[in-house]
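Structure record follows, encoded as C-alpha cells.
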Amino acid sequence: MELIHRNLAIGIHDALQETFFEKNKYADKVIERLLKAHRKWGSQDRAVVSEIFYNIIRWKKRLEYYMGEGIKPNNIYKLILAYLLWSKTNYKKFEEFDGIKVADILIKLKKGTVPTKAIEHSIPEWLVETLEKELGPKWEKEIQALNEQAPTVLRANSLRTTPKELISDLADENVVSFTVRNYPDAVQLEEKKNVFLTTAFKEGLFEVQDASSQKIGYFLDVKEGQRVVDACAGAGGKTLHLAALMQNKGQIIALDIFEWKLAELKRRAKRAGAHNIETRVITDTKVIKRLHDKVDRLLIDAPCSGLGVLKRNPDSKWKIDQDFIDRIKKEQQQIIQDYSKMLKVGGKMVYATCSILPSENNKQVDEFIKNNPNYKMIKDEKVMPSEGYDGFYMALIERLS
C-alpha cells in the first residue's frame, strides 16, 4: 500500500472532511460518490483510497493522540500524515503536508504505548464504559474484531442460482470467491472487488449480505405459502432472502417508515426475480392495525446502536452517544410491543438487532415476555464480531394466545 499520487490524497482529504464535518453524511455513501466522480482512477487507486479513508475513520481517536490535537476542518492533512506514519505507508511529500511537524508525531509513535483504552482501541470514552459494563472482560476482544476490515460476503440468490454456480460465474469475471461453512447461501470474496459491475450482479444472481445477517432469514423458519411481514424492511436485504426461502410462494409485506428505502427494495426485488413482495409505507398506526392477528411470520429487524457492524460502518461510533442508545432502547420496546400484535395465535416472530449490547437484545426480549405472558421465547442466538462476521442478535418468539 502506498500513496504516491497527489490527487488521491486530495480525494481522501475531501471525503474525510465531508464525513466528519457535514451533517448526515455517512462514510459508505461519501466514498461511493468520490469513486463515481473519479472514474479514471484504476482499481489499484480505488483500493488505496478506500482503505486509507476507512482506516483513518476507524483509528481517528488514536491518530488524534499522535497528532497531539483533535481533528478540525483545517488539520485533516495532518490526520492523513499521522496515519501514513503510524501504518508505515510509503508516501510522497505533497505540498499539502508542508509545515506539519513530523517530529512531534514520530516522538509519540516511538513510545509504542498509548495512555488509555479508548485511545488504544480508538473509541469514545463513553463507549469503553458501556462495553465494559455490558460485556464484562471480553469487551476488548470484541472491539478488536470490530476494528478489522469486514470481508465481502454475498448471498447467492437461490431463485436464480446456487453458491457453486455463482462461484463459477464470478470466476469467469475474474472475481475469486469461496463457500462458507455452515452458511448455506454465503459466498465470500478472496479480496475486495466492485462486484456491482459484474454481469452476475446485473442478472440478480446475488446480493451483498454479511454471513451473520443471512442467519436471520433461516431463524424465522418461513414456509411456502405463508403471510410474512418484514416490519423494518429498509432497502430489503433480509426481505429478499425471505422471498428466496419461500420460493416466491406466499406473500411478504415489507413495511418501513421511509418510502425511498422501499423504492430501492422494489428495484432490488425486480432484479432478483422476487415476485411475492408488496411494499407499504408506515404513514400512521392504521397500517399496522390493519394487519393485527393476520400474520404467520413477523421479522422485526429493530433500529439499534449498530455496534455489531462497526467493521463496515466505522464512522457510526463517532456519530452516536449514550443518549442515542437510551432513546433507541425505548423505541425498540415500543416497536416490539406494537408490531407483535400483527401475529396470529401460533405465529412466530424474530426480534433482531445488529448490536452486541445485552440491553438492546435479550434484555429487551425478557422485558417484552414479562409484560406479554401470551408470548414465549423459543430460542435466541447471539453472533459476536470475534467469530469473523458482523455482530447480531436474534430471538424467535411464538404467540401462544
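We name chains A, B, ... following the order of the C-alpha cells; residues begin at 1 in each chain, and ligands are numbered from 1 as shown.
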Please identify all polymer residues within 9 Å of stretch 19-27 of chain A, counting only C-alpha atoms, omitting same-chain residues fewer than 2 positions from it, and present them as a ChimeraX atom specification. /A:14-17,29-32,53-54,57,71-73,313-316,318-319
Per residue of stretch 175-260 of chain A within 12 Å of stretch 288-291 of chain A, record the nearest atom pair and its distance in Å to one decimal, counting only C-alpha atoms, with rows in chain order and ascending residue number, as JSON lines.
{"residue": "A:Arg227", "atom": "CA", "partner": "A:Leu291", "partner_atom": "CA", "distance": 10.5}
{"residue": "A:Val228", "atom": "CA", "partner": "A:Leu291", "partner_atom": "CA", "distance": 10.7}
{"residue": "A:Val229", "atom": "CA", "partner": "A:Leu291", "partner_atom": "CA", "distance": 9.2}
{"residue": "A:Asp230", "atom": "CA", "partner": "A:Ile288", "partner_atom": "CA", "distance": 11.7}
{"residue": "A:Ala231", "atom": "CA", "partner": "A:Ile288", "partner_atom": "CA", "distance": 9.0}
{"residue": "A:Cys232", "atom": "CA", "partner": "A:Ile288", "partner_atom": "CA", "distance": 11.8}
{"residue": "A:Ile253", "atom": "CA", "partner": "A:Leu291", "partner_atom": "CA", "distance": 10.0}
{"residue": "A:Ala254", "atom": "CA", "partner": "A:Ile288", "partner_atom": "CA", "distance": 11.6}
{"residue": "A:Leu255", "atom": "CA", "partner": "A:Ile288", "partner_atom": "CA", "distance": 9.1}
{"residue": "A:Asp256", "atom": "CA", "partner": "A:Ile288", "partner_atom": "CA", "distance": 10.8}
{"residue": "A:Ile257", "atom": "CA", "partner": "A:Ile288", "partner_atom": "CA", "distance": 11.5}
Using C-alpha atoms, can you export the residues from the last selection as a JSON list (two decimals), in the first residue's frame?
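As a result, result_0.json now contains:
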[["chain", "number", "residue", "atom", "x", "y", "z"],
["A", 227, "ARG", "CA", -48.11, -14.45, 5.02],
["A", 228, "VAL", "CA", -44.92, -12.85, 6.28],
["A", 229, "VAL", "CA", -44.28, -9.26, 7.38],
["A", 230, "ASP", "CA", -40.84, -7.66, 7.42],
["A", 231, "ALA", "CA", -41.71, -4.74, 9.69],
["A", 232, "CYS", "CA", -38.49, -2.66, 9.42],
["A", 253, "ILE", "CA", -45.37, -7.44, 3.15],
["A", 254, "ALA", "CA", -42.37, -5.14, 3.51],
["A", 255, "LEU", "CA", -43.01, -2.19, 5.81],
["A", 256, "ASP", "CA", -40.85, 0.83, 6.52],
["A", 257, "ILE", "CA", -41.26, 4.46, 7.56]]
Could you give me, as a list in words, the residues within 8 Å of A:Val176, counting only C-alpha atoms and dropping anything in the same chain fewer than 6 positions from it?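 Skipping anything fewer than 6 positions along the chain leaves Ile167, Leu170, Leu189, Glu190 and Glu191 of chain A.
With atom CA of A:Glu398 on one side and atom CA of A:Gly347 on the other, the separation reads 5.8 Å.
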Pick out each residue of stretch 57-293 of chain A that DSSP on the backbone tags as helix (DSSP H, G or I); I need them as number ranges by chain. A: 57-58, 60-67, 76-86, 95-97, 102-111, 117-121, 125-146, 163-172, 195-197, 199-202, 211-219, 237-245, 259-272, 286-289
Can you pull out the residues contacting stretch 141-153 of chain A? Cut-off 7 Å, using only C-alpha atoms, and skip same-chain residues under 5 positions away; I want them as a PDB file with C-alpha atoms, in the first residue's frame.
ATOM      1  CA  ARG A  58     -11.596   3.662  12.223  1.00  0.00           C
ATOM      2  CA  HIS A 121      -8.995   0.842  20.527  1.00  0.00           C
ATOM      3  CA  ALA A 186     -22.975 -17.498   1.524  1.00  0.00           C
ATOM      4  CA  VAL A 187     -20.126 -16.870  -0.905  1.00  0.00           C
ATOM      5  CA  GLN A 188     -17.114 -14.891   0.328  1.00  0.00           C
ATOM      6  CA  LEU A 189     -14.680 -12.939  -1.848  1.00  0.00           C
ATOM      7  CA  LYS A 192     -12.400  -6.715  -2.132  1.00  0.00           C
ATOM      8  CA  VAL A 208     -24.174  -8.379  -0.881  1.00  0.00           C
ATOM      9  CA  GLN A 209     -25.194  -9.544   2.609  1.00  0.00           C
ATOM     10  CA  ASP A 210     -22.980 -10.358   5.588  1.00  0.00           C
ATOM     11  CA  ALA A 211     -22.978 -14.006   6.701  1.00  0.00           C
ATOM     12  CA  LEU A 310     -18.639  -1.167  13.133  1.00  0.00           C
ATOM     13  CA  LYS A 311     -16.368  -3.205  10.811  1.00  0.00           C
ATOM     14  CA  ARG A 312     -18.292  -1.841   7.844  1.00  0.00           C
ATOM     15  CA  PRO A 385     -17.839  -9.984  15.865  1.00  0.00           C
ATOM     16  CA  SER A 386     -14.907 -12.082  17.133  1.00  0.00           C
TER      17      SER A 386
END
Near A:Glu129, counting only C-alpha atoms, which residues have an atom at most 12 Å away, once you skip same-chain residues fewer than 5 positions from it, shown as a ChimeraX atom specification? /A:117-118,123-124,134-137,139-140,321-322
C-alpha atoms of the current selection, written as a compact mmCIF listing (two decimals), in the first residue's frame:
# COMPACT_ATOMS: atom_id res chain seq x y z
CA LYS A 117 -8.06 2.00 26.40
CA ALA A 118 -10.24 4.46 24.47
CA ILE A 123 -13.44 4.52 20.51
CA PRO A 124 -15.13 7.30 22.51
CA GLU A 134 -22.49 -4.76 29.35
CA LEU A 135 -19.93 -7.32 28.11
CA GLY A 136 -17.52 -7.63 31.03
CA PRO A 137 -13.86 -8.53 30.42
CA TRP A 139 -15.34 -6.41 25.53
CA GLU A 140 -11.76 -5.82 24.33
CA ASP A 321 -23.67 8.61 22.13
CA GLN A 322 -25.16 7.06 25.27
Sel. of strand (DSSP E) residues, stretch 72-199 of chain A, as an MDAnalysis selection string: chainID A and resid 90:91 153:156 177:180 183:189
Provide the atom CA of A:Leu85 to atom CA of A:Ala47 distance in Å, to one decimal place.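 Going from atom CA of A:Leu85 over to atom CA of A:Ala47 covers 18.9 Å.
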Provide the atom CA of A:Glu125 to atom CA of A:Gly308 distance in Å, to one decimal place.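 Distance reported for this atom pair: 17.8 Å.
For A:Ser401, the non-local neighbours within 9 Å, defined as residues at least 2 positions apart in the same chain or in other chains and counting only C-alpha atoms, are A:Lys344, A:Val345, A:Gly346, A:Asn374, A:Tyr375, A:Arg399.
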Between A:Thr283, A:Val350, A:Tyr65, A:Asn174, which one has atoms that come closest to A:Ile119, using only C-alpha atoms?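 When distances to A:Ile119 are compared using only C-alpha atoms, the smallest one comes from A:Tyr65.
Of the listed residues (A:His292, A:Lys266, A:His5, A:Lys164), A:His5 comes nearest to A:Tyr91; the distances count only C-alpha atoms.
With distances restricted to only C-alpha atoms, A:Lys348 is the closest residue to A:Lys376 from A:Lys93, A:Lys363, A:Lys348, A:Lys78.
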Near A:Lys249, within 9 Å and counting only C-alpha atoms, which residues show up once chain neighbours fewer than 5 positions away are dropped, as a ChimeraX atom specification? /A:223-226,243,275-276
With only C-alpha atoms as the atoms that count, which of A:Asn361, A:Asn7, A:Thr285, A:Asn74 lies nearest to A:Val49?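 For A:Val49, the nearest of the given residues is A:Asn7.
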Here is a test: counting only C-alpha atoms, which residue of A:Ile277, A:Ile328, A:Ile320, A:Leu166 is nearest to A:Ser359? A:Ile328
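Using only C-alpha atoms, the nearest neighbour of A:Leu299 within the list A:Trp59, A:Tyr351, A:Phe219, A:Phe178 is A:Tyr351.
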